[in-house]
file data36.txt (compact mmCIF, C-alpha atoms and all ligand atoms)
# COMPACT_ATOMS: atom_id res chain seq x y z
CA MET A 1 0.00 0.00 0.00
CA LYS A 2 1.48 3.32 -1.04
CA VAL A 3 1.02 6.35 1.15
CA GLY A 4 1.72 10.06 0.88
CA LEU A 5 2.60 11.83 4.11
CA CYS A 6 1.50 15.47 4.44
CA GLY A 7 3.20 17.21 7.34
CA LEU A 8 6.53 16.36 8.93
CA GLY A 9 6.13 18.08 12.32
CA THR A 10 5.86 16.36 15.70
CA VAL A 11 3.29 13.73 14.65
CA GLY A 12 4.35 13.56 10.98
CA GLY A 13 7.97 12.96 11.95
CA GLY A 14 6.93 10.27 14.44
CA THR A 15 4.73 8.58 11.82
CA PHE A 16 7.56 8.55 9.28
CA ASN A 17 10.02 7.10 11.78
CA LEU A 18 7.56 4.50 13.10
CA LEU A 19 6.72 3.24 9.60
CA VAL A 20 10.46 2.86 8.93
CA LYS A 21 11.34 1.34 12.30
CA ASN A 22 8.58 -1.30 12.45
CA LYS A 23 8.33 -1.91 8.70
CA GLN A 24 8.66 -5.72 8.87
CA GLU A 25 6.25 -6.14 11.77
CA ILE A 26 3.69 -3.86 10.13
CA ALA A 27 3.96 -5.70 6.79
CA ALA A 28 3.40 -9.01 8.59
CA ARG A 29 0.30 -7.63 10.30
CA CYS A 30 -1.18 -6.23 7.08
CA GLY A 31 -0.16 -8.98 4.70
CA MET A 32 1.48 -6.28 2.56
CA PRO A 33 4.14 -3.60 3.05
CA ILE A 34 3.17 0.02 3.70
CA ASP A 35 5.51 2.32 1.77
CA ILE A 36 5.75 6.07 2.03
CA ILE A 37 6.28 7.16 -1.56
CA GLN A 38 5.94 10.93 -1.14
CA VAL A 39 6.33 13.44 1.67
CA ALA A 40 4.94 16.97 1.59
CA SER A 41 6.25 19.48 4.09
CA ARG A 42 7.43 23.04 4.16
CA ASN A 43 10.22 22.22 6.62
CA MET A 44 12.42 19.19 6.99
CA ASN A 45 12.38 17.25 10.25
CA PRO A 46 15.93 16.56 11.50
CA THR A 47 14.80 13.23 13.00
CA CYS A 48 13.67 11.89 9.59
CA ASP A 49 16.00 10.48 6.95
CA LEU A 50 13.96 10.65 3.72
CA ASN A 51 16.50 8.38 2.05
CA GLY A 52 15.47 9.25 -1.52
CA ILE A 53 11.69 9.40 -0.93
CA ALA A 54 10.10 12.09 -3.15
CA HIS A 55 9.62 15.40 -1.35
CA THR A 56 7.41 18.35 -2.23
CA GLU A 57 6.43 21.54 -0.44
CA ASN A 58 2.92 21.40 -1.88
CA VAL A 59 0.53 19.00 -0.12
CA PHE A 60 -1.78 18.96 -3.16
CA ASP A 61 0.99 17.23 -5.16
CA VAL A 62 0.27 14.20 -2.97
CA VAL A 63 -3.43 14.25 -3.88
CA ARG A 64 -2.53 14.53 -7.57
CA ASN A 65 -0.04 11.64 -7.36
CA PRO A 66 -1.85 8.69 -9.01
CA GLU A 67 0.41 6.21 -7.21
CA VAL A 68 -0.75 7.30 -3.73
CA ASP A 69 -3.46 5.05 -2.21
CA VAL A 70 -3.70 6.77 1.19
CA VAL A 71 -3.12 10.41 2.13
CA ILE A 72 -1.95 11.01 5.71
CA GLU A 73 -3.03 14.50 6.75
CA LEU A 74 -0.87 15.82 9.60
CA ILE A 75 -0.69 19.51 8.73
CA GLY A 76 -3.41 20.62 11.19
CA GLY A 77 -5.84 23.52 10.91
CA THR A 78 -9.21 23.54 9.18
CA THR A 79 -8.58 25.48 5.99
CA VAL A 80 -5.88 23.90 3.78
CA ALA A 81 -6.34 20.62 5.66
CA LYS A 82 -10.04 20.57 4.79
CA ASP A 83 -9.34 21.17 1.09
CA LEU A 84 -6.66 18.52 1.18
CA VAL A 85 -8.90 15.90 2.78
CA MET A 86 -11.93 16.68 0.57
CA GLN A 87 -9.80 16.59 -2.59
CA ALA A 88 -8.12 13.35 -1.53
CA VAL A 89 -11.51 11.72 -0.89
CA GLU A 90 -12.88 13.11 -4.16
CA ALA A 91 -9.90 11.50 -5.90
CA GLY A 92 -10.85 8.15 -4.35
CA LYS A 93 -7.98 8.03 -1.85
CA HIS A 94 -8.31 6.91 1.75
CA VAL A 95 -7.31 9.45 4.39
CA VAL A 96 -5.75 9.05 7.83
CA THR A 97 -5.72 12.19 9.96
CA ALA A 98 -4.88 13.30 13.51
CA ASN A 99 -6.91 16.47 13.01
CA LYS A 100 -9.64 16.54 15.65
CA ALA A 101 -10.66 20.13 14.86
CA LEU A 102 -11.30 19.16 11.24
CA ILE A 103 -13.32 16.06 12.14
CA ALA A 104 -15.29 17.74 14.95
CA GLU A 105 -16.21 20.75 12.81
CA TYR A 106 -16.49 19.26 9.29
CA GLY A 107 -16.68 15.51 9.89
CA ASN A 108 -20.36 15.15 8.88
CA GLU A 109 -19.62 16.56 5.44
CA ILE A 110 -16.30 14.69 5.08
CA PHE A 111 -17.85 11.33 6.01
CA ASP A 112 -20.76 11.89 3.60
CA LEU A 113 -18.34 12.39 0.73
CA ALA A 114 -16.18 9.46 1.85
CA ARG A 115 -19.22 7.16 1.82
CA GLU A 116 -20.19 8.34 -1.64
CA LYS A 117 -16.65 7.68 -2.89
CA GLY A 118 -16.27 4.37 -1.04
CA VAL A 119 -13.18 5.35 0.93
CA THR A 120 -12.24 5.51 4.60
CA VAL A 121 -11.38 8.65 6.57
CA ALA A 122 -9.77 7.42 9.79
CA PHE A 123 -9.12 9.68 12.78
CA GLU A 124 -8.10 7.66 15.86
CA ALA A 125 -4.93 9.74 16.33
CA GLY A 126 -6.99 12.89 16.88
CA ILE A 127 -8.42 11.71 20.18
CA ALA A 128 -6.31 11.02 23.27
CA GLY A 129 -3.05 10.53 21.33
CA GLY A 130 -1.92 6.92 21.49
CA ILE A 131 -4.93 5.53 23.39
CA PRO A 132 -7.07 3.45 20.99
CA VAL A 133 -10.27 4.83 22.48
CA ILE A 134 -12.18 5.20 19.19
CA LYS A 135 -11.59 1.55 18.42
CA ALA A 136 -12.55 0.64 21.98
CA LEU A 137 -15.86 2.49 21.65
CA ARG A 138 -16.69 1.63 18.07
CA GLU A 139 -15.55 -1.98 18.04
CA GLY A 140 -14.74 -3.34 21.50
CA LEU A 141 -17.87 -1.89 23.12
CA ALA A 142 -20.14 -2.15 20.06
CA ALA A 143 -22.61 -4.39 21.91
CA ASN A 144 -23.32 -1.78 24.59
CA GLU A 145 -25.62 1.16 24.93
CA ILE A 146 -23.13 3.73 26.20
CA LYS A 147 -24.50 5.61 29.23
CA TRP A 148 -21.72 8.15 29.69
CA LEU A 149 -18.05 8.78 29.23
CA ALA A 150 -15.68 11.18 30.94
CA GLY A 151 -12.08 11.87 30.23
CA ILE A 152 -8.94 13.88 30.68
CA ILE A 153 -8.38 14.42 26.98
CA ASN A 154 -5.94 17.29 26.74
CA GLY A 155 -2.37 16.41 27.68
CA THR A 156 -1.16 20.00 27.83
CA GLY A 157 -3.88 21.09 30.26
CA ASN A 158 -3.31 18.07 32.49
CA PHE A 159 0.46 18.65 32.39
CA ILE A 160 -0.07 22.27 33.47
CA LEU A 161 -2.49 21.45 36.31
CA THR A 162 -0.20 18.67 37.57
CA GLU A 163 3.00 20.74 37.55
CA MET A 164 1.24 23.70 39.20
CA ARG A 165 -0.07 21.44 41.95
CA ASP A 166 3.05 19.35 42.54
CA LYS A 167 5.84 21.85 41.97
CA GLY A 168 4.20 25.22 42.48
CA ARG A 169 5.30 26.27 38.96
CA THR A 170 3.59 29.13 37.17
CA PHE A 171 1.03 28.58 34.44
CA GLU A 172 3.20 30.36 31.81
CA ASP A 173 6.34 28.43 32.69
CA VAL A 174 4.66 25.01 32.34
CA LEU A 175 2.85 26.01 29.13
CA LYS A 176 6.19 26.99 27.56
CA GLU A 177 7.62 23.56 28.40
CA ALA A 178 4.56 21.81 26.93
CA GLN A 179 5.04 23.78 23.71
CA GLU A 180 8.73 22.83 23.55
CA LEU A 181 7.82 19.16 24.03
CA GLY A 182 5.39 19.34 21.11
CA TYR A 183 2.27 18.67 23.22
CA ALA A 184 0.51 21.99 22.76
CA GLU A 185 -1.65 23.04 19.81
CA ALA A 186 -0.34 25.68 17.36
CA ASP A 187 -2.61 28.08 19.26
CA PRO A 188 -2.20 26.98 22.91
CA THR A 189 -5.44 28.71 23.94
CA PHE A 190 -7.08 25.69 22.28
CA ASP A 191 -5.51 23.59 25.05
CA VAL A 192 -6.07 25.81 28.08
CA GLU A 193 -9.52 27.10 27.13
CA GLY A 194 -10.84 23.59 26.47
CA ILE A 195 -11.43 23.92 22.72
CA ASP A 196 -9.12 21.02 21.88
CA ALA A 197 -10.85 18.87 24.51
CA ALA A 198 -14.27 19.90 23.14
CA HIS A 199 -13.20 18.80 19.64
CA LYS A 200 -12.19 15.41 21.01
CA LEU A 201 -15.29 15.09 23.20
CA THR A 202 -17.55 15.91 20.25
CA ILE A 203 -16.04 13.01 18.31
CA LEU A 204 -16.15 10.61 21.27
CA ALA A 205 -19.82 11.45 21.91
CA SER A 206 -20.74 10.86 18.28
CA VAL A 207 -19.10 7.45 18.28
CA ALA A 208 -20.52 6.60 21.72
CA PHE A 209 -24.13 7.60 21.03
CA GLY A 210 -24.31 7.32 17.24
CA ILE A 211 -25.18 11.00 16.79
CA PRO A 212 -23.98 13.48 14.16
CA LEU A 213 -21.02 15.65 15.18
CA GLN A 214 -22.27 18.74 17.04
CA PHE A 215 -19.17 20.68 18.10
CA GLU A 216 -20.98 24.02 18.04
CA ARG A 217 -23.31 22.76 20.83
CA ALA A 218 -20.51 21.67 23.22
CA TYR A 219 -20.17 23.69 26.42
CA THR A 220 -16.55 24.72 26.98
CA GLU A 221 -14.81 26.23 30.00
CA GLY A 222 -11.00 26.43 30.38
CA ILE A 223 -8.53 26.14 33.26
CA SER A 224 -7.01 29.62 33.20
CA ASP A 225 -9.21 30.81 36.11
CA ILE A 226 -8.22 28.04 38.51
CA ALA A 227 -6.58 29.70 41.54
CA PRO A 228 -3.93 27.95 43.66
CA SER A 229 -6.28 28.37 46.65
CA ASP A 230 -9.00 26.35 44.84
CA VAL A 231 -6.50 23.52 44.29
CA ARG A 232 -5.63 23.64 48.04
CA TYR A 233 -9.23 23.79 49.30
CA ALA A 234 -10.27 20.99 46.94
CA GLU A 235 -7.48 18.84 48.38
CA GLU A 236 -8.70 19.58 51.92
CA PHE A 237 -12.13 18.22 50.93
CA GLY A 238 -10.43 15.11 49.44
CA TYR A 239 -10.66 16.14 45.78
CA ARG A 240 -8.35 16.94 42.86
CA ILE A 241 -9.17 19.47 40.14
CA LYS A 242 -8.99 18.00 36.63
CA HIS A 243 -10.06 19.37 33.26
CA LEU A 244 -12.73 16.86 32.20
CA GLY A 245 -14.73 16.26 29.07
CA ILE A 246 -18.08 14.68 29.93
CA ALA A 247 -20.67 13.21 27.55
CA LYS A 248 -23.83 11.75 29.03
CA ARG A 249 -26.85 10.18 27.42
CA LEU A 250 -30.15 11.48 28.77
CA GLU A 251 -33.62 10.32 27.79
CA HIS A 252 -34.24 13.42 25.72
CA GLY A 253 -30.73 14.37 24.60
CA VAL A 254 -27.04 14.37 25.33
CA GLU A 255 -24.85 16.40 27.69
CA LEU A 256 -21.61 17.54 26.09
CA ARG A 257 -19.37 19.63 28.32
CA VAL A 258 -15.74 20.43 29.05
CA HIS A 259 -14.86 22.16 32.30
CA PRO A 260 -12.63 21.99 35.36
CA THR A 261 -14.07 19.37 37.71
CA LEU A 262 -13.43 18.31 41.30
CA ILE A 263 -12.91 14.54 41.36
CA SER A 264 -12.63 12.48 44.52
CA GLU A 265 -8.97 11.60 45.06
CA GLN A 266 -10.15 7.98 45.49
CA HIS A 267 -11.16 7.81 41.84
CA LEU A 268 -8.51 6.36 39.49
CA ILE A 269 -8.90 9.21 37.03
CA ALA A 270 -7.94 11.73 39.74
CA LYS A 271 -4.50 10.11 39.78
CA VAL A 272 -3.92 10.63 36.04
CA ASP A 273 -1.12 13.18 35.96
CA GLY A 274 1.26 14.92 33.57
CA VAL A 275 0.62 14.61 29.84
CA MET A 276 -1.27 11.35 30.35
CA ASN A 277 -4.90 11.08 29.22
CA ALA A 278 -7.60 8.75 30.49
CA VAL A 279 -11.17 8.05 29.45
CA VAL A 280 -13.77 6.20 31.54
CA ILE A 281 -16.66 4.70 29.57
CA ASP A 282 -19.81 3.28 31.12
CA GLY A 283 -21.63 0.73 28.97
CA ASP A 284 -24.86 -0.97 30.01
CA ALA A 285 -23.45 -4.47 29.59
CA VAL A 286 -19.77 -4.07 30.43
CA GLY A 287 -20.03 -1.48 33.22
CA GLN A 288 -17.19 1.00 33.59
CA THR A 289 -13.93 0.55 31.67
CA LEU A 290 -10.90 2.84 31.84
CA TYR A 291 -8.44 3.66 29.06
CA TYR A 292 -5.13 5.30 29.99
CA GLY A 293 -2.03 6.37 28.11
CA ALA A 294 -0.01 9.16 26.53
CA GLY A 295 -2.41 11.76 25.17
CA ALA A 296 0.09 13.67 23.08
CA GLY A 297 3.61 13.41 21.74
CA SER A 298 5.35 12.27 18.61
CA MET A 299 5.57 8.48 18.74
CA ALA A 300 2.47 7.97 20.91
CA THR A 301 0.27 9.76 18.40
CA ALA A 302 2.09 8.11 15.48
CA SER A 303 1.09 4.76 17.02
CA ALA A 304 -2.56 5.63 16.38
CA VAL A 305 -1.91 7.01 12.87
CA VAL A 306 -0.14 3.82 11.83
CA ALA A 307 -2.82 1.61 13.41
CA ASP A 308 -5.40 3.34 11.19
CA LEU A 309 -3.18 2.72 8.14
CA ILE A 310 -2.95 -0.93 9.12
CA ASP A 311 -6.77 -1.16 9.28
CA ILE A 312 -7.02 0.19 5.74
CA ALA A 313 -4.33 -2.21 4.49
CA ARG A 314 -6.07 -5.17 6.16
CA ALA A 315 -9.40 -4.25 4.58
CA ARG A 316 -7.66 -4.03 1.16
CA LYS A 317 -6.15 -7.43 1.77
CA GLN A 318 -9.70 -8.77 2.29
CA GLY A 319 -10.78 -7.10 -0.94
CA SER A 320 -12.83 -4.43 0.85
CA THR A 321 -12.49 -0.67 0.41
CA VAL A 322 -14.04 0.43 3.71
CA GLY A 323 -14.08 -0.95 7.23
CA VAL A 324 -16.45 -0.13 10.10
CA PRO A 325 -18.69 2.95 9.75
CA SER A 326 -16.84 6.13 10.76
CA LEU A 327 -19.16 6.98 13.67
CA GLY A 328 -19.97 3.38 14.57
CA HIS A 329 -23.62 3.55 13.51
CA ASN A 330 -24.62 3.18 9.89
CA ALA A 331 -25.03 6.62 8.39
CA ASP A 332 -28.78 6.21 7.79
CA GLN A 333 -29.34 4.93 11.34
CA LEU A 334 -27.85 7.72 13.42
CA ASN A 335 -29.71 8.76 16.58
CA ASP A 336 -31.28 12.19 16.51
CA LEU A 337 -30.44 13.06 20.12
CA SER A 338 -29.48 16.71 20.32
CA VAL A 339 -27.09 18.29 22.77
CA VAL A 340 -28.91 19.91 25.70
CA SER A 341 -28.08 23.43 26.88
CA VAL A 342 -25.77 23.73 29.87
CA GLU A 343 -28.60 25.29 31.91
CA GLU A 344 -30.29 21.89 31.84
CA ILE A 345 -27.42 19.84 33.21
CA THR A 346 -27.27 18.73 36.81
CA SER A 347 -24.10 18.76 38.90
CA ALA A 348 -22.77 19.11 42.41
CA TYR A 349 -20.71 22.26 43.01
CA TYR A 350 -17.69 23.63 44.81
CA LEU A 351 -18.32 27.27 45.77
CA ARG A 352 -15.79 29.80 47.07
CA ILE A 353 -17.41 33.02 48.25
CA LEU A 354 -15.44 35.99 49.57
CA VAL A 355 -17.46 37.47 52.45
CA GLN A 356 -17.13 40.07 55.17
CA ASP A 357 -16.37 38.44 58.50
CA HIS A 358 -19.65 39.54 60.20
CA PRO A 359 -22.30 37.65 62.19
CA GLY A 360 -25.18 36.42 60.04
CA VAL A 361 -23.42 36.38 56.66
CA LEU A 362 -23.25 32.60 56.51
CA ALA A 363 -26.95 32.46 57.42
CA LYS A 364 -27.82 34.78 54.51
CA VAL A 365 -25.83 32.68 52.03
CA ALA A 366 -27.34 29.45 53.37
CA THR A 367 -30.85 30.93 53.11
CA ILE A 368 -30.38 31.83 49.44
CA LEU A 369 -29.08 28.34 48.69
CA SER A 370 -32.00 26.74 50.48
CA GLU A 371 -34.51 28.99 48.67
CA HIS A 372 -33.14 27.55 45.41
CA GLY A 373 -33.36 23.96 46.63
CA ILE A 374 -29.59 23.64 47.01
CA ASN A 375 -28.44 21.32 49.76
CA ILE A 376 -25.02 21.95 51.31
CA GLU A 377 -22.83 18.85 51.60
CA SER A 378 -19.97 20.40 53.58
CA ILE A 379 -18.74 23.86 54.42
CA THR A 380 -15.63 25.43 55.80
CA GLN A 381 -14.82 29.02 56.67
CA LYS A 382 -11.16 29.82 56.21
CA GLU A 383 -9.44 31.85 58.90
CA THR A 384 -7.07 33.36 56.35
CA GLU A 385 -8.02 36.91 55.53
CA GLU A 386 -7.67 37.39 51.77
CA HIS A 387 -7.87 41.21 51.77
CA ASP A 388 -9.96 44.07 53.20
CA GLY A 389 -11.23 41.91 56.06
CA LEU A 390 -12.76 39.42 53.64
CA ILE A 391 -12.62 35.70 54.29
CA PRO A 392 -13.38 32.80 51.96
CA LEU A 393 -16.42 30.65 52.61
CA VAL A 394 -15.82 27.36 50.84
CA MET A 395 -18.50 24.70 50.38
CA LEU A 396 -19.59 21.65 48.44
CA THR A 397 -23.24 21.24 47.44
CA HIS A 398 -25.36 18.26 46.53
CA VAL A 399 -26.46 17.80 42.91
CA VAL A 400 -28.55 20.68 41.59
CA GLN A 401 -29.76 21.88 38.23
CA GLU A 402 -27.34 24.41 36.68
CA LYS A 403 -30.23 26.84 36.16
CA ASN A 404 -30.94 26.93 39.92
CA MET A 405 -27.28 27.40 40.71
CA ASN A 406 -27.12 30.35 38.29
CA HIS A 407 -30.03 32.06 40.06
CA ALA A 408 -28.62 31.35 43.54
CA THR A 409 -25.18 32.63 42.54
CA GLN A 410 -26.64 35.87 41.22
CA ALA A 411 -28.54 36.41 44.47
CA ILE A 412 -25.44 35.67 46.58
CA GLU A 413 -23.32 38.06 44.52
CA ALA A 414 -25.93 40.77 45.13
CA LEU A 415 -25.47 40.58 48.93
CA GLU A 416 -23.60 43.62 50.22
CA GLU A 417 -21.42 41.41 52.45
CA VAL A 418 -20.16 39.45 49.42
CA ALA A 419 -17.23 40.69 47.32
CA GLY A 420 -16.76 39.91 43.64
CA GLN A 421 -17.98 36.83 41.88
CA VAL A 422 -18.72 33.47 43.42
CA LYS A 423 -16.11 30.96 42.24
CA ARG A 424 -17.93 27.84 40.99
CA ILE A 425 -16.39 24.55 39.96
CA ARG A 426 -18.51 21.51 39.16
CA VAL A 427 -17.96 18.38 41.21
CA ALA A 428 -18.16 14.87 39.77
CA VAL A 429 -20.36 12.65 41.92
CA SER A 430 -19.88 8.90 41.97
CA GLU A 431 -22.21 8.12 39.02
CA ASP A 432 -20.01 10.43 36.85
N1 LIG A 501 -2.58 19.60 22.21
C1 LIG A 501 -3.07 18.28 22.38
C2 LIG A 501 -2.93 17.89 23.85
C3 LIG A 501 -2.29 17.33 21.52
O1 LIG A 501 -2.21 18.57 24.57
O2 LIG A 501 -3.54 16.94 24.28
C4 LIG A 501 -2.92 15.99 21.39
O3 LIG A 501 -4.17 16.05 20.79

call {"tool": "encode", "arguments": {"input": "data36.txt", "output": "structure tokens", "more": "lines below"}}
Ligand code: HSE
result
Amino acid sequence: MKVGLCGLGTVGGGTFNLLVKNKQEIAARCGMPIDIIQVASRNMNPTCDLNGIAHTENVFDVVRNPEVDVVIELIGGTTVAKDLVMQAVEAGKHVVTANKALIAEYGNEIFDLAREKGVTVAFEAGIAGGIPVIKALREGLAANEIKWLAGIINGTGNFILTEMRDKGRTFEDVLKEAQELGYAEADPTFDVEGIDAAHKLTILASVAFGIPLQFERAYTEGISDIAPSDVRYAEEFGYRIKHLGIAKRLEHGVELRVHPTLISEQHLIAKVDGVMNAVVIDGDAVGQTLYYGAGAGSMATASAVVADLIDIARARKQGSTVGVPSLGHNADQLNDLSVVSVEEITSAYYLRILVQDHPGVLAKVATILSEHGINIESITQKETEEHDGLIPLVMLTHVVQEKNMNHATQAIEALEEVAGQVKRIRVAVSED
């Protein structure tokens, strides 16, 4: 099988080197060799020895090359990459991509064209780096109705939160290191503001629930507002703060949300640190399963790219052009569950409220919470004065509808004894 590799950056370089290094093993697994016959990149990668393989700076040369059976798209972005993928599919070539933004935002259209042309567009490498979570959902768990999934699916964000907690490093310092290690997106706000995680969650939810991709409906909140004191107080309650993507099937729709979340330190996923990713999936037959591994990085992500190539080669060997349906369900049998608005979700909450240290303030806050049907699970008043005689009131609530919490928060912020905004972080309860 002859492939054209577009992009020779962190993942492209890893893919090139992995195909060279494990050539024999891969050929034995496919029943045929996989040969890179053309590479398109604007820059050379010092770790790759092209050894006479044709090189071009123009990725569209690869699409026009009649010898190329599969185009590997590792250039990123959603403009040139989209044209490249659509043109490759139009030309009847299979595509393997690590581009989660492209699939989350344009996947419905790309898969439609791929079906029409009888080719595969594979995207495992876009979600959770080297963890084969798409295959796990689409194939290994295909017998289940998936109830929910939750994951740490951005390596950069998890690396930052872990280093800040363990070593007291600054946000900027850790982000710079993540960029140097090749973990971060070209625009690192995609990592820290949760956009990258929302792309991945959108794809996971579509495969889990058999729904069309609905990135524009995902609720996204980043980690840049997490204060060191929140990390400390969460630990005192027995929790860790992680940036989670959560997709949950409801009777009337689907929850799709990315936000910082307090997770009990007893839960395995709370112990997932550094650049590692983990996804927990709850299926009605299997129960909960956990998938853990490197969520970013050159060879880890290349592992998933090459696995997708191997799938295509194996299908060719069997005389088939396409394998399993892209989103698991057959295209004409997708579920029409739509993503519910964040106001409709239910969650427990961590609240940090800066209040004047006067008698009766706690009673006023508690009254507002009770008027909105919000039950307090535990509460602590910190002795530390933050500034101007204000002290933090920190509490955990029981599960409540987001809408009610919004109203209660507004009322609390309107109290004259309360300063600034109430800090709210959602808390995962055991069923999450
Ligand atoms: N920027 C992404 C991350 C790369 O940090 O997880 C892998 O998708």

call {"tool": "closest_residue", "arguments": {"input": "data36.txt", "among": "A:Gly319, A:Gly245, A:Gly118, A:Gly155", "to": "ligand LIG 501 (chain A)", "atoms": "all atoms listed in the file"}}
result
A:Gly155

call {"tool": "closest_atom_pairs", "arguments": {"input": "data36.txt", "of": "chain A", "to": "ligand LIG 501 (chain A)", "cutoff": "9 Å", "atoms": "all atoms listed in the file", "output": "CSV"}}
result
residue,atom,partner,partner_atom,distance
A:Ala98,CA,A:LIG501,O3,7.8
A:Asn99,CA,A:LIG501,O3,8.3
A:Lys100,CA,A:LIG501,O3,7.5
A:Ala125,CA,A:LIG501,O3,7.8
A:Gly126,CA,A:LIG501,O3,5.8
A:Ile127,CA,A:LIG501,O3,6.1
A:Ala128,CA,A:LIG501,O3,6.0
A:Gly129,CA,A:LIG501,C4,5.5
A:Ile152,CA,A:LIG501,O2,8.9
A:Ile153,CA,A:LIG501,O2,6.1
A:Asn154,CA,A:LIG501,O2,3.5
A:Gly155,CA,A:LIG501,O2,3.6
A:Thr156,CA,A:LIG501,O1,3.7
A:Gly157,CA,A:LIG501,O1,6.4
A:Asn158,CA,A:LIG501,O1,8.0
A:Phe159,CA,A:LIG501,O1,8.3
A:Ala178,CA,A:LIG501,O1,7.9
A:Gln179,CA,A:LIG501,N1,8.8
A:Gly182,CA,A:LIG501,C3,7.9
A:Tyr183,CA,A:LIG501,O1,4.7
A:Ala184,CA,A:LIG501,N1,3.9
A:Glu185,CA,A:LIG501,N1,4.3
A:Ala186,CA,A:LIG501,N1,8.1
A:Asp187,CA,A:LIG501,N1,9.0
A:Pro188,CA,A:LIG501,N1,7.4
A:Phe190,CA,A:LIG501,N1,7.6
A:Asp191,CA,A:LIG501,N1,5.7
A:Val192,CA,A:LIG501,O1,8.9
A:Asp196,CA,A:LIG501,C1,6.7
A:Ala197,CA,A:LIG501,O2,7.6
A:Lys200,CA,A:LIG501,O3,8.0
A:Val275,CA,A:LIG501,O1,7.2
A:Met276,CA,A:LIG501,O2,8.6
A:Asn277,CA,A:LIG501,O2,7.8
A:Ala294,CA,A:LIG501,O2,8.8
A:Gly295,CA,A:LIG501,O2,5.4
A:Ala296,CA,A:LIG501,C4,4.2
A:Gly297,CA,A:LIG501,C4,7.0
A:Thr301,CA,A:LIG501,C4,7.6

call {"tool": "residues_around", "arguments": {"input": "data36.txt", "residues": "Gly210 (chain A)", "least_positions_apart": "5", "cutoff": "12 Å", "atoms": "all atoms listed in the file", "output": "PDB file with C-alpha atoms, in the coordinates of the input"}}
result
ATOM      1  CA  LEU A 137     -15.860   2.490  21.650  1.00  0.00           C
ATOM      2  CA  ARG A 138     -16.690   1.630  18.070  1.00  0.00           C
ATOM      3  CA  ALA A 142     -20.140  -2.150  20.060  1.00  0.00           C
ATOM      4  CA  ASN A 144     -23.320  -1.780  24.590  1.00  0.00           C
ATOM      5  CA  GLU A 145     -25.620   1.160  24.930  1.00  0.00           C
ATOM      6  CA  ILE A 146     -23.130   3.730  26.200  1.00  0.00           C
ATOM      7  CA  THR A 202     -17.550  15.910  20.250  1.00  0.00           C
ATOM      8  CA  ILE A 203     -16.040  13.010  18.310  1.00  0.00           C
ATOM      9  CA  LEU A 204     -16.150  10.610  21.270  1.00  0.00           C
ATOM     10  CA  ALA A 205     -19.820  11.450  21.910  1.00  0.00           C
ATOM     11  CA  ARG A 249     -26.850  10.180  27.420  1.00  0.00           C
ATOM     12  CA  VAL A 254     -27.040  14.370  25.330  1.00  0.00           C
ATOM     13  CA  PRO A 325     -18.690   2.950   9.750  1.00  0.00           C
ATOM     14  CA  SER A 326     -16.840   6.130  10.760  1.00  0.00           C
ATOM     15  CA  LEU A 327     -19.160   6.980  13.670  1.00  0.00           C
ATOM     16  CA  GLY A 328     -19.970   3.380  14.570  1.00  0.00           C
ATOM     17  CA  HIS A 329     -23.620   3.550  13.510  1.00  0.00           C
ATOM     18  CA  ASN A 330     -24.620   3.180   9.890  1.00  0.00           C
ATOM     19  CA  ALA A 331     -25.030   6.620   8.390  1.00  0.00           C
ATOM     20  CA  ASP A 332     -28.780   6.210   7.790  1.00  0.00           C
ATOM     21  CA  GLN A 333     -29.340   4.930  11.340  1.00  0.00           C
ATOM     22  CA  LEU A 334     -27.850   7.720  13.420  1.00  0.00           C
ATOM     23  CA  ASN A 335     -29.710   8.760  16.580  1.00  0.00           C
ATOM     24  CA  ASP A 336     -31.280  12.190  16.510  1.00  0.00           C
ATOM     25  CA  LEU A 337     -30.440  13.060  20.120  1.00  0.00           C
ATOM     26  CA  SER A 338     -29.480  16.710  20.320  1.00  0.00           C
TER      27      SER A 338
END

call {"tool": "atom_distance", "arguments": {"input": "data36.txt", "atom1": "CA of Thr397 (chain A)", "atom2": "CA of Pro260 (chain A)"}}
result
16.1 Å

call {"tool": "closest_residue", "arguments": {"input": "data36.txt", "among": "A:Ile376, A:Leu19, A:Val306, A:Leu161", "to": "Val272 (chain A)", "atoms": "only C-alpha atoms"}}
result
A:Leu161

call {"tool": "atom_distance", "arguments": {"input": "data36.txt", "atom1": "CA of Pro212 (chain A)", "atom2": "CA of Gly293 (chain A)"}}
result
27.0 Å

call {"tool": "residues_around", "arguments": {"input": "data36.txt", "residues": "Arg257 (chain A)", "least_positions_apart": "5", "cutoff": "10 Å", "atoms": "only C-alpha atoms", "output": "number ranges by chain"}}
result
A: 150, 194, 197-198, 201-202, 217-221, 244-248, 339-342, 345

call {"tool": "residues_around", "arguments": {"input": "data36.txt", "residues": "Val71 (chain A)", "least_positions_apart": "3", "cutoff": "7 Å", "atoms": "all atoms listed in the file", "output": "number ranges by chain"}}
result
A: 3-5, 88, 93-96

call {"tool": "closest_residue", "arguments": {"input": "data36.txt", "among": "A:Lys423, A:Arg232, A:Lys147, A:His259", "to": "Asp284 (chain A)", "atoms": "all atoms listed in the file"}}
result
A:Lys147

call {"tool": "atom_distance", "arguments": {"input": "data36.txt", "atom1": "CA of Leu175 (chain A)", "atom2": "CA of Ile131 (chain A)"}}
result
22.6 Å

call {"tool": "closest_residue", "arguments": {"input": "data36.txt", "among": "A:Val322, A:Val68, A:Leu268, A:Cys48", "to": "Ile34 (chain A)", "atoms": "all atoms listed in the file"}}
result
A:Val68

call {"tool": "axis_aligned_box", "arguments": {"input": "data36.txt", "around": "region 232-248 of chain A", "padding_each_side": "6 Å", "output": "JSON"}}
result
{"center_x": -14.7, "center_y": 17.8, "center_z": 39.7, "size_x": 30.2, "size_y": 24.0, "size_z": 36.4}
